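Q: Starting off with a structure, shown below.
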Amino acid sequence: MAATPSLDDLLHAAVTSVGGAERPGQVDMARAVARAVDTGEHLLVQAGTGTGKSLAYLVPAVAHAVEVGKPAVVATATLALQAQIVDRDMPRVADALTPLLGRRPTYALVKGRRNYVCLNKLEGGFPDDEEGLFGVGQVDASAGRLGQEVVRLREWADQTDSGDRDELVPGVSERAWRQVSVSAHECLGSKCPLVTECFVERAREAAKDVDVIVTNHSFMAIDAFEGRQMLPEHDVLVVDEAHELVDRVTATVTDELSGGMVAAAAKRAGRLSESTAQLDEAGELLAESLENVEEGRLLGVPDAMGLALARVRDTARAVQSDLKPPPGQDVDGARQVARAAVDEVHENAERILEERELDVVWCSRDPRRGPVLRVAPMSVAMLVRDKVFDDRTVVLTSATLELGGTFDAVAGTIGLRGQGAPAWQGLDVGSPFDYPRQAIAYVATHLPPPGRDGTSEAVLDEIEQLVRAAGGRTLGLFSSTRAAQNAAEVMRARLGDDFPVLCQGEDQISTLVRQFAREPRTCLFGTLTLWQGVDVPGSSCQLVIIDRIPFPRPDDPLASARSQAIGRMGGNGFMAVSATHAALRLAQGAGRLVRRGDDRGVVAFLDSRMMTARYAEFLQRSLPPFWPTTDRDRVLSALRRLDETAPPPLPVAEPALRSLTGATAAPAAGGDGAEHPRPVAPPPPVAESSRTGVTAGHAWTDEQDDELRDAAEAGMQLDELVEHFELPEQTIAARLEQLGLTLASGALFE
C-alpha cells in the first residue's frame with residue numbers, strides 16, 4: 001500500500017504545477033492550517049501580498065477532505081476571488097495532487113437560488129411579475145431588448161445543463177433574469193412539481209460529494225444562521241477576505257421596513273386575501289408616521305410609529321392566515337410569492353416593535369422610496385461565535401487581520417474574545433517582500449490637520465510637489481468623491497499635459513486602471529474602489545497618496561451605537577470602532593504600493609494626525625513595515641531618483657473570455673506560487689447593453705454591477721450604496737434603473 005503523502009509533498013507539487021517556488025510564509029501557513037484542522041483549534045492567519053495564501057489553505061483542505069470523506073468549505077467576500085479559486089487555483093491543485101492522492105480532487109461553486117433558472121417558473125408555476133415580460137417575450141420578441149432577453153433565456157434554459165447564470169454569455173439584465181428565477185423564500189421546495197429536475201437541488205446534491213465547496217460569506221452565514229442546510233455537512237471552513245466578514249454578516253441579518261414595502265406585499269397578496277386592503281392602508285399609515293421621524297438612530301419607538309407598526313404587524317398576520325392553501329391542496333406559486341413578501345413585512349414589524357436590547361433601529365430617507373426603517377444587531381460577535389465557530393474548525397485569513405499589532409480587535413468582532421470564547425491561535429506569516437527596503441512611509445507633519453472645509457491649499461501644494469517629483473506614477477486615494485474630483489481638477493490646471501490626471505467616475509474603473517498602468521506619467525485619483533481593488537505592479541505606481549485618515553462617518557448609526565456601548569462598559573469606543581475601521585482601510589490603501597518583489601515607492605500620508613494623535617501608534621502598527629520619515633526633502637529626492645531609474649512599465653494583459661463552462665484562460669505566470677493576478681483584470685468585452693452604459697458621467701464596470709446585484713439581494717439601501725461607491729444618488733439610482741434592480745421595498749427601477 002502506497003504511503004500517505006506528506007503535506008510538504010502535496011504543497012510542493014501544487015506550487016510546482018504553477019511554475020513557482022515555495023515561500024517560507026506559504027509553508028508556515030499551510031502547516032498551521034493543517035495543524036488547526038487536526039486539533040480543532042480555530043486559526044486567524046494574516047498573509048501579506050505575495051504569500052500565495054490560496055494554495056496554502058487549499059492544499060491542506062483538500063488533503064483533509066480526501067482523508068475523512070467530508071468536504072471543506074471556502075467562503076470569500078468577492079466574486080473575483082471565487083472565480084480565481086474555481087477557474088484557476090483549484091484546477092491546478094487538482095491536476096497536481098491527483099498522482100499523489102490516487103484520485104482527482106473535486107470541487108464545486110455553490111451559490112444562492114437567485115443565480116439559477118427556476119424550471120417551475122419557466123413552466124408558468126409562478127405568477128408573472130407586474131412588468132409582464134413573459135407576455136412581451138412570447139407575443140412580440142421584437143418589441144424591445146427586454147422581450148428579446150426573455151426569449152433568449154427560454155431558449156438557453158432548454159440547452160443548459162446547470163442553469164447557472166454565469167454560464168449565460170453574454171448576460172442579460174437583472175430585470176429579465178427575475179422572470180426566470182426565484183428567491184429562497186419564494187421557492188416551493190419539496191412541494192415543487194419539478195423538484196427532481198431543479199437545477200439548484202441537483203447542484204447542491206452534487207456538491208455533497210466534492211472535496212472543496214466554494215461559496216460567499218453571505219451564503220455561508222445564511223446557511224449557519226437559518227439552519228437551511230444549504231451546504232452539506234463539513235468540519236472545515238476557510239474564510240478568505242476575512243476582514244469583510246463582520247460587514248457581510250451584518251448585512252445578512254439587517255432588516256428594513258417602509259410604506260412602499262408594505263404596499264408591495266399587499267399587491268402580491270391581491271385577491272388571495274380578504275385583508276389586502278387593510279394591509280395596504282397600514283402601509284400608508286406607516287409611511288405617514290415616518291414622515292415626521294428625523295433621520296438617524298431611534299432610541300425608542302415613537303407612539304405614532306409604534307401604532308403604525310402594530311397595525312402593519314397585525315394586518316400582515318391576518319393576510320398570512322388567508323394565504324394558507326385550502327385543506328388538501330399544496331401551496332402554488334402565486335401564494336408562495338405572496339407569503340414570502342407578507343412574512344417579511346410581519347417579521348420586520350414585529351422585530352422593530354420588540355425593541356430588543358442589542359438591536360439598533362434607525363431611519364433614513366431614500367430619494368425614491370422615502371423614509372425607511374432599518375434594524376440591525378449592534379454586534380454580531382455572539383451570533384458568529386455560536387453559529388459559525390460551533391462544530392467545525394474555522395480558518396480565517398486576509399492580508400489585513402492584525403490591526404495595531406494584534407489580532408484582538410478583529411477577534412473581538414467575531415466572538416473570539418471574552419468569557420466562553422473558543423480556543424484560537426493567531427499567526428502572521430508576513431510577506432516575502434522587504435518592505436523597509438522597498439518603500440517609504442512619509443507623513444507630512446508640517447500640514448495642518450484636515451478640516452471640514454475640503455482640501456486645503458497647503459495639501460494641494462504638497463500633492464503637486466509629490467507628483468512632479470515622482471514623474472506622475474501616482475495613485476491618489478481620497479476620503480470622498482468630492483475630494484478626489486477637486487484634487488484632480490486643481491492638478492490638471494497646475495500640471496497641464498505634463499502629467500495627465502485620471503479621476504474615478506470619468507470612465508470604467510478597468511479602463512482607467514489600464515490607462516494608468518500603461519502610461520507612467522499618468523496619475524489616477526479616486527475613492528473606495530481604488531483603496532481596495534487596484535493591483536498595478538511595476539513602475540507605473542511608485543507613489544500612493546492618502547489624503548486623510550479614513551474614519552467612519554460620525555453619523556453612522558451602527559458605528560456610533562457600538563462605540564457608545566463599548567464606552568458604557570468601560571472600554572474605549574473610539575479605538576474599538578473608529579480607529580479599527582480606519583486602521584483596516586489604511587492597511588488596504590497602503591498595500592496598493594508594493595505588489596511584487598521589485599516594486600519601489602512612497603506612501604504619502606497627508607494627515608499629520610498619523611504622527612501627532614494619541615491613536616497614531618495604533619494606526620502605524622497596522623501598516624506594512626515601510627521605512628518611516630517626515631522629511632519631505634528626502635522623500636522628494638527619493639521619488640526623483642526612482643523616476644530617473646524606473647524601468648519600462650509592465651505589459652498590461654487583456655482579459656481572457658470565460659467559456660460557457662466557466663473556465664478561463666490561464667493567467668500570466670507568477671513564477672513563485674504566489675497570487676499574481678494580471679496587472680489589470682477588466683471585464684470581458686460584451687455586446688452593447690446596459691452593462692456597458694455610461695450613467696451621469698460614470699461608466700460602470702461588470703464588477704460594480706455585480707456588487708449592485710449583490711447589494712439588492714442582500715437588502716441594502718440606496719444611501720448605503722452611496723456611501724459604498726461614493727457616487728451621487730442619482731448616478732447609482734440611474735444604474736439601478738438600467739439594470740432593472742429591485743431594492744428591498746420591492747419597487748422596481750425602470
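Ordered as shown in the C-alpha cells, chains take letters A, B, and onward, while each chain numbers its residues from 1 and ligands are numbered from 1 in the order shown.
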Quick one: everything within 12 Å of Ala94 in chain A, counting only C-alpha atoms, minus sequence neighbours fewer than 6 positions away in the same chain. Send it as number ranges by chain.

A: A: 10-11, 13-15, 17-18, 55, 58-59, 61-63, 66, 85-88, 100-107, 210-212

Q: Output as number ranges by chain all residues of range 287-483 of chain A that backbone DSSP marks as alpha helix (DSSP H).

A: A: 287-290, 303-322, 333-354, 381-387, 408-413, 435-438, 457-470, 481-483

Q: Could you pull out the strand (DSSP E) residues of range 371-462 of chain A, going by DSSP on the backbone, and write them as an mmCIF file with all heavy atoms, in the first residue's frame?

A:
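Ended up saving to part.cif:
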data_model
loop_
_atom_site.group_PDB
_atom_site.id
_atom_site.type_symbol
_atom_site.label_atom_id
_atom_site.label_comp_id
_atom_site.auth_asym_id
_atom_site.auth_seq_id
_atom_site.Cartn_x
_atom_site.Cartn_y
_atom_site.Cartn_z
ATOM 1 N N PRO A 371 -38.931 57.633 3.501
ATOM 2 C CA PRO A 371 -38.316 57.158 4.750
ATOM 3 C C PRO A 371 -38.355 55.641 4.871
ATOM 4 O O PRO A 371 -39.347 55.003 4.513
ATOM 5 C CB PRO A 371 -39.164 57.831 5.842
ATOM 6 C CG PRO A 371 -40.464 58.138 5.179
ATOM 7 C CD PRO A 371 -40.170 58.396 3.740
ATOM 8 N N VAL A 372 -37.246 55.084 5.371
ATOM 9 C CA VAL A 372 -37.116 53.635 5.528
ATOM 10 C C VAL A 372 -36.602 53.345 6.928
ATOM 11 O O VAL A 372 -35.640 53.973 7.389
ATOM 12 C CB VAL A 372 -36.145 53.046 4.488
ATOM 13 C CG1 VAL A 372 -36.019 51.538 4.671
ATOM 14 C CG2 VAL A 372 -36.600 53.369 3.068
ATOM 15 N N LEU A 373 -37.244 52.415 7.608
ATOM 16 C CA LEU A 373 -36.766 51.955 8.911
ATOM 17 C C LEU A 373 -35.831 50.777 8.713
ATOM 18 O O LEU A 373 -36.113 49.879 7.919
ATOM 19 C CB LEU A 373 -37.936 51.511 9.792
ATOM 20 C CG LEU A 373 -38.747 52.586 10.502
ATOM 21 C CD1 LEU A 373 -39.904 51.932 11.238
ATOM 22 C CD2 LEU A 373 -37.887 53.375 11.465
ATOM 23 N N ARG A 374 -34.732 50.792 9.464
ATOM 24 C CA ARG A 374 -33.800 49.666 9.398
ATOM 25 C C ARG A 374 -33.476 49.213 10.817
ATOM 26 O O ARG A 374 -33.427 50.021 11.748
ATOM 27 C CB ARG A 374 -32.520 50.063 8.662
ATOM 28 C CG ARG A 374 -32.749 50.379 7.202
ATOM 29 C CD ARG A 374 -31.446 50.537 6.431
ATOM 30 N NE ARG A 374 -31.701 50.754 5.021
ATOM 31 C CZ ARG A 374 -31.905 51.946 4.470
ATOM 32 N NH1 ARG A 374 -31.852 53.019 5.226
ATOM 33 N NH2 ARG A 374 -32.137 52.062 3.181
ATOM 34 N N VAL A 375 -33.186 47.922 10.945
ATOM 35 C CA VAL A 375 -32.830 47.368 12.240
ATOM 36 C C VAL A 375 -31.738 46.331 12.045
ATOM 37 O O VAL A 375 -31.801 45.501 11.144
ATOM 38 C CB VAL A 375 -34.071 46.747 12.942
ATOM 39 C CG1 VAL A 375 -34.737 45.705 12.062
ATOM 40 C CG2 VAL A 375 -33.689 46.155 14.291
ATOM 41 N N ALA A 376 -30.707 46.446 12.886
ATOM 42 C CA ALA A 376 -29.567 45.533 12.799
ATOM 43 C C ALA A 376 -29.021 45.305 14.195
ATOM 44 O O ALA A 376 -29.167 46.159 15.078
ATOM 45 C CB ALA A 376 -28.477 46.118 11.897
ATOM 46 N N PRO A 377 -28.384 44.174 14.432
ATOM 47 C CA PRO A 377 -27.774 43.952 15.745
ATOM 48 C C PRO A 377 -26.571 44.858 15.947
ATOM 49 O O PRO A 377 -25.810 45.108 15.010
ATOM 50 C CB PRO A 377 -27.357 42.478 15.697
ATOM 51 C CG PRO A 377 -27.206 42.173 14.248
ATOM 52 C CD PRO A 377 -28.206 43.024 13.538
ATOM 53 N N THR A 393 -13.905 23.409 12.438
ATOM 54 C CA THR A 393 -12.689 24.212 12.540
ATOM 55 C C THR A 393 -12.771 25.339 11.522
ATOM 56 O O THR A 393 -13.062 25.101 10.351
ATOM 57 C CB THR A 393 -11.442 23.364 12.250
ATOM 58 O OG1 THR A 393 -11.394 22.278 13.170
ATOM 59 C CG2 THR A 393 -10.181 24.204 12.389
ATOM 60 N N VAL A 394 -12.509 26.545 11.982
ATOM 61 C CA VAL A 394 -12.593 27.714 11.102
ATOM 62 C C VAL A 394 -11.212 28.342 10.967
ATOM 63 O O VAL A 394 -10.535 28.608 11.965
ATOM 64 C CB VAL A 394 -13.591 28.752 11.637
ATOM 65 C CG1 VAL A 394 -13.707 29.926 10.654
ATOM 66 C CG2 VAL A 394 -14.960 28.114 11.861
ATOM 67 N N VAL A 395 -10.805 28.552 9.727
ATOM 68 C CA VAL A 395 -9.567 29.262 9.415
ATOM 69 C C VAL A 395 -9.947 30.570 8.745
ATOM 70 O O VAL A 395 -10.634 30.573 7.724
ATOM 71 C CB VAL A 395 -8.671 28.435 8.473
ATOM 72 C CG1 VAL A 395 -7.435 29.244 8.064
ATOM 73 C CG2 VAL A 395 -8.270 27.123 9.127
ATOM 74 N N LEU A 396 -9.552 31.686 9.344
ATOM 75 C CA LEU A 396 -9.834 32.997 8.773
ATOM 76 C C LEU A 396 -8.531 33.613 8.298
ATOM 77 O O LEU A 396 -7.539 33.618 9.043
ATOM 78 C CB LEU A 396 -10.503 33.918 9.797
ATOM 79 C CG LEU A 396 -11.827 33.401 10.377
ATOM 80 C CD1 LEU A 396 -11.589 32.879 11.788
ATOM 81 C CD2 LEU A 396 -12.878 34.500 10.394
ATOM 82 N N THR A 397 -8.524 34.129 7.079
ATOM 83 C CA THR A 397 -7.281 34.677 6.543
ATOM 84 C C THR A 397 -7.542 35.938 5.734
ATOM 85 O O THR A 397 -8.625 36.109 5.154
ATOM 86 C CB THR A 397 -6.542 33.634 5.690
ATOM 87 O OG1 THR A 397 -5.297 34.168 5.252
ATOM 88 C CG2 THR A 397 -7.363 33.244 4.466
ATOM 89 N N SER A 398 -6.563 36.804 5.724
ATOM 90 C CA SER A 398 -6.625 38.065 4.985
ATOM 91 C C SER A 398 -5.244 38.697 5.058
ATOM 92 O O SER A 398 -4.411 38.311 5.883
ATOM 93 C CB SER A 398 -7.672 39.004 5.601
ATOM 94 O OG SER A 398 -7.541 40.322 5.101
ATOM 95 N N TRP A 424 -8.365 29.656 20.014
ATOM 96 C CA TRP A 424 -7.887 30.034 18.683
ATOM 97 C C TRP A 424 -6.436 30.470 18.759
ATOM 98 O O TRP A 424 -5.915 30.790 19.829
ATOM 99 C CB TRP A 424 -8.735 31.158 18.087
ATOM 100 C CG TRP A 424 -8.709 32.441 18.890
ATOM 101 C CD1 TRP A 424 -9.437 32.726 20.007
ATOM 102 C CD2 TRP A 424 -7.911 33.603 18.631
ATOM 103 N NE1 TRP A 424 -9.145 33.983 20.471
ATOM 104 C CE2 TRP A 424 -8.218 34.555 19.647
ATOM 105 C CE3 TRP A 424 -6.976 33.937 17.651
ATOM 106 C CZ2 TRP A 424 -7.613 35.812 19.692
ATOM 107 C CZ3 TRP A 424 -6.377 35.195 17.697
ATOM 108 C CH2 TRP A 424 -6.698 36.119 18.706
ATOM 109 N N GLN A 425 -5.799 30.461 17.624
ATOM 110 C CA GLN A 425 -4.425 30.926 17.503
ATOM 111 C C GLN A 425 -4.346 31.978 16.403
ATOM 112 O O GLN A 425 -5.070 31.913 15.414
ATOM 113 C CB GLN A 425 -3.484 29.768 17.146
ATOM 114 C CG GLN A 425 -3.273 28.762 18.265
ATOM 115 C CD GLN A 425 -2.428 29.329 19.389
ATOM 116 O OE1 GLN A 425 -1.546 30.150 19.160
ATOM 117 N NE2 GLN A 425 -2.713 28.889 20.602
ATOM 118 N N GLY A 426 -3.458 32.944 16.597
ATOM 119 C CA GLY A 426 -3.211 33.950 15.577
ATOM 120 C C GLY A 426 -1.811 33.786 15.012
ATOM 121 O O GLY A 426 -0.861 33.512 15.749
ATOM 122 N N LEU A 427 -1.679 33.924 13.709
ATOM 123 C CA LEU A 427 -0.384 33.755 13.057
ATOM 124 C C LEU A 427 -0.233 34.793 11.956
ATOM 125 O O LEU A 427 -1.101 34.920 11.091
ATOM 126 C CB LEU A 427 -0.279 32.343 12.454
ATOM 127 C CG LEU A 427 0.964 32.052 11.595
ATOM 128 C CD1 LEU A 427 2.218 32.061 12.451
ATOM 129 C CD2 LEU A 427 0.801 30.720 10.866
ATOM 130 N N ASP A 428 0.858 35.526 12.008
ATOM 131 C CA ASP A 428 1.203 36.450 10.934
ATOM 132 C C ASP A 428 2.395 35.852 10.193
ATOM 133 O O ASP A 428 3.503 35.794 10.722
ATOM 134 C CB ASP A 428 1.557 37.830 11.508
ATOM 135 C CG ASP A 428 1.880 38.853 10.424
ATOM 136 O OD1 ASP A 428 1.865 38.489 9.226
ATOM 137 O OD2 ASP A 428 2.160 40.018 10.772
ATOM 138 N N VAL A 429 2.149 35.387 8.967
ATOM 139 C CA VAL A 429 3.234 34.762 8.201
ATOM 140 C C VAL A 429 4.015 35.799 7.403
ATOM 141 O O VAL A 429 4.928 35.452 6.652
ATOM 142 C CB VAL A 429 2.703 33.663 7.263
ATOM 143 C CG1 VAL A 429 2.026 32.567 8.064
ATOM 144 C CG2 VAL A 429 1.745 34.236 6.228
ATOM 145 N N GLY A 430 3.654 37.058 7.586
ATOM 146 C CA GLY A 430 4.414 38.125 6.943
ATOM 147 C C GLY A 430 4.219 38.154 5.440
ATOM 148 O O GLY A 430 3.223 37.672 4.902
ATOM 149 N N ALA A 439 9.998 50.412 0.260
ATOM 150 C CA ALA A 439 9.026 51.505 0.332
ATOM 151 C C ALA A 439 9.276 52.422 1.518
ATOM 152 O O ALA A 439 9.801 52.007 2.559
ATOM 153 C CB ALA A 439 7.612 50.944 0.401
ATOM 154 N N ILE A 440 8.856 53.666 1.354
ATOM 155 C CA ILE A 440 8.942 54.697 2.389
ATOM 156 C C ILE A 440 7.528 55.083 2.803
ATOM 157 O O ILE A 440 6.650 55.268 1.955
ATOM 158 C CB ILE A 440 9.678 55.951 1.864
ATOM 159 C CG1 ILE A 440 11.132 55.624 1.544
ATOM 160 C CG2 ILE A 440 9.597 57.107 2.854
ATOM 161 C CD1 ILE A 440 11.871 56.766 0.842
ATOM 162 N N ALA A 441 7.309 55.194 4.107
ATOM 163 C CA ALA A 441 6.061 55.746 4.633
ATOM 164 C C ALA A 441 6.341 57.172 5.081
ATOM 165 O O ALA A 441 7.084 57.405 6.037
ATOM 166 C CB ALA A 441 5.549 54.913 5.802
ATOM 167 N N TYR A 442 5.756 58.124 4.375
ATOM 168 C CA TYR A 442 6.013 59.547 4.633
ATOM 169 C C TYR A 442 4.762 60.193 5.211
ATOM 170 O O TYR A 442 3.678 60.105 4.641
ATOM 171 C CB TYR A 442 6.412 60.233 3.330
ATOM 172 C CG TYR A 442 6.313 61.743 3.338
ATOM 173 C CD1 TYR A 442 7.016 62.505 4.276
ATOM 174 C CD2 TYR A 442 5.525 62.404 2.397
ATOM 175 C CE1 TYR A 442 6.929 63.892 4.272
ATOM 176 C CE2 TYR A 442 5.434 63.785 2.383
ATOM 177 C CZ TYR A 442 6.133 64.528 3.325
ATOM 178 O OH TYR A 442 6.045 65.901 3.322
ATOM 179 N N VAL A 443 4.917 60.847 6.368
ATOM 180 C CA VAL A 443 3.825 61.609 6.970
ATOM 181 C C VAL A 443 4.182 63.084 6.885
ATOM 182 O O VAL A 443 5.232 63.514 7.382
ATOM 183 C CB VAL A 443 3.580 61.206 8.438
ATOM 184 C CG1 VAL A 443 2.446 62.037 9.026
ATOM 185 C CG2 VAL A 443 3.258 59.715 8.542
#

Q: Leaving out Ala266 in chain A and any residue of its chain fewer than 3 positions from it, which residues lie within 10 Å of it when counting only C-alpha atoms, given as a list of chain:residue names?

A: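 That gives A:Gly260, A:Met261, A:Val262, A:Ala263, A:Ala269, A:Gly270, A:Arg271, A:Leu272, A:Ser273, A:Ser275, A:Thr276, A:Ala277, A:Gln278, A:Leu279, A:Asp280, A:Glu281, A:Ala282, A:Gly283, A:Ala316, A:Val319, A:Ala338, A:Ala341, A:Val342, A:Val345.
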
Q: Using C-alpha atoms, can you export the residues from the last selection as a PDB file, in the first residue's frame?

A:
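Output file out-v6.pdb follows:
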ATOM      1  CA  GLY A 260     -43.711  51.039  -0.058  1.00  0.00           C
ATOM      2  CA  MET A 261     -42.558  47.612   1.088  1.00  0.00           C
ATOM      3  CA  VAL A 262     -45.906  47.012   2.818  1.00  0.00           C
ATOM      4  CA  ALA A 263     -47.803  48.201  -0.268  1.00  0.00           C
ATOM      5  CA  ALA A 269     -51.403  39.097  -1.927  1.00  0.00           C
ATOM      6  CA  GLY A 270     -54.036  40.667  -4.189  1.00  0.00           C
ATOM      7  CA  ARG A 271     -57.286  38.734  -4.292  1.00  0.00           C
ATOM      8  CA  LEU A 272     -55.832  35.831  -2.339  1.00  0.00           C
ATOM      9  CA  SER A 273     -56.703  37.568   0.939  1.00  0.00           C
ATOM     10  CA  SER A 275     -57.379  41.653   4.323  1.00  0.00           C
ATOM     11  CA  THR A 276     -55.297  43.038   1.454  1.00  0.00           C
ATOM     12  CA  ALA A 277     -56.959  46.457   1.594  1.00  0.00           C
ATOM     13  CA  GLN A 278     -56.288  46.735   5.326  1.00  0.00           C
ATOM     14  CA  LEU A 279     -52.627  45.838   4.793  1.00  0.00           C
ATOM     15  CA  ASP A 280     -52.380  48.499   2.097  1.00  0.00           C
ATOM     16  CA  GLU A 281     -53.905  51.058   4.475  1.00  0.00           C
ATOM     17  CA  ALA A 282     -51.464  50.003   7.191  1.00  0.00           C
ATOM     18  CA  GLY A 283     -48.608  50.696   4.775  1.00  0.00           C
ATOM     19  CA  ALA A 316     -49.950  41.113   7.945  1.00  0.00           C
ATOM     20  CA  VAL A 319     -53.147  38.100   5.488  1.00  0.00           C
ATOM     21  CA  ALA A 338     -47.240  36.489  -1.698  1.00  0.00           C
ATOM     22  CA  ALA A 341     -43.464  39.176   0.891  1.00  0.00           C
ATOM     23  CA  VAL A 342     -46.061  39.262   3.682  1.00  0.00           C
ATOM     24  CA  VAL A 345     -43.290  42.548   6.448  1.00  0.00           C
TER      25      VAL A 345
END

Q: Which one of A:Arg437, A:Arg473, A:His581, A:Arg595 sits closest to Pro625 in chain A if you count only C-alpha atoms?

A: A:Arg437

Q: Env of Leu619 in chain A: 12 Å cut, atoms = only C-alpha atoms, seq-sep filter 2 positions within chain, self excluded. Answer as a ChimeraX atom specification.

A: /A:402-406,549-551,575,578-587,590,605,609-617,621-625

Q: What is the CA of Leu122 in chain A-CA of Val151 in chain A distance in Å, reported with one decimal?

A: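 Computed distance, CA of Leu122 in chain A to CA of Val151 in chain A, equals 10.9 Å.
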
Q: Give me, as an MDAnalysis selection string, all polymer residues having an atom no more than 6 Å from range 154-169 of chain A, counting only C-alpha atoms and skipping those fewer than 3 positions away in the same chain.

A: chainID A and resid 115:117 151 199 660

Q: I need the residues from that last selection saved to file as a CSV table (one decimal), in the first residue's frame (with C-alpha atoms), if you can.

A:
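Printed below is out21.csv as written:
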chain,number,residue,atom,x,y,z
A,115,ASN,CA,-28.4,32.6,-9.5
A,116,TYR,CA,-30.2,29.6,-11.2
A,117,VAL,CA,-33.1,29.3,-13.6
A,151,VAL,CA,-37.0,34.7,-25.3
A,199,PHE,CA,-31.0,23.0,-11.1
A,660,LEU,CA,-19.6,28.6,-21.2

Q: Please measure the separation of CA of Val74 in chain A and CA of Ser181 in chain A, giving the value in Å to one decimal.

A: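 Result for CA of Val74 in chain A versus CA of Ser181 in chain A: 25.2 Å, one decimal.
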
Q: Any idea what the distance is between CA of Phe525 in chain A and CA of Ala488 in chain A?

A: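 Going from CA of Phe525 in chain A over to CA of Ala488 in chain A, I get 6.7 Å.
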
Q: Skipping near chain neighbours, those fewer than 5 positions away, what residues fall within 10 Å of Ile545 in chain A using only C-alpha atoms, listed as number ranges by chain?

A: A: 442, 463, 466-467, 474-478, 525, 589-590, 593, 602-606

Q: Considering only C-alpha atoms, return as a PyMOL selection string whatever protein or nucleic-acid residues lie within 12 Å of Val536 in chain A, sequence-local ones (same chain, fewer than 5 positions apart) excluded.

A: chain A and resi 473-475+510+512-520+524+530+541-544+591-596+599+649-653+676-681

Q: Just checking: using only C-alpha atoms, which residue out of A:Val380, A:Ala72, A:Ala561, A:Leu309 ends up closest to Ala251 in chain A?

A: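 Among A:Val380, A:Ala72, A:Ala561, A:Leu309, it is A:Val380 that comes nearest to Ala251 in chain A.
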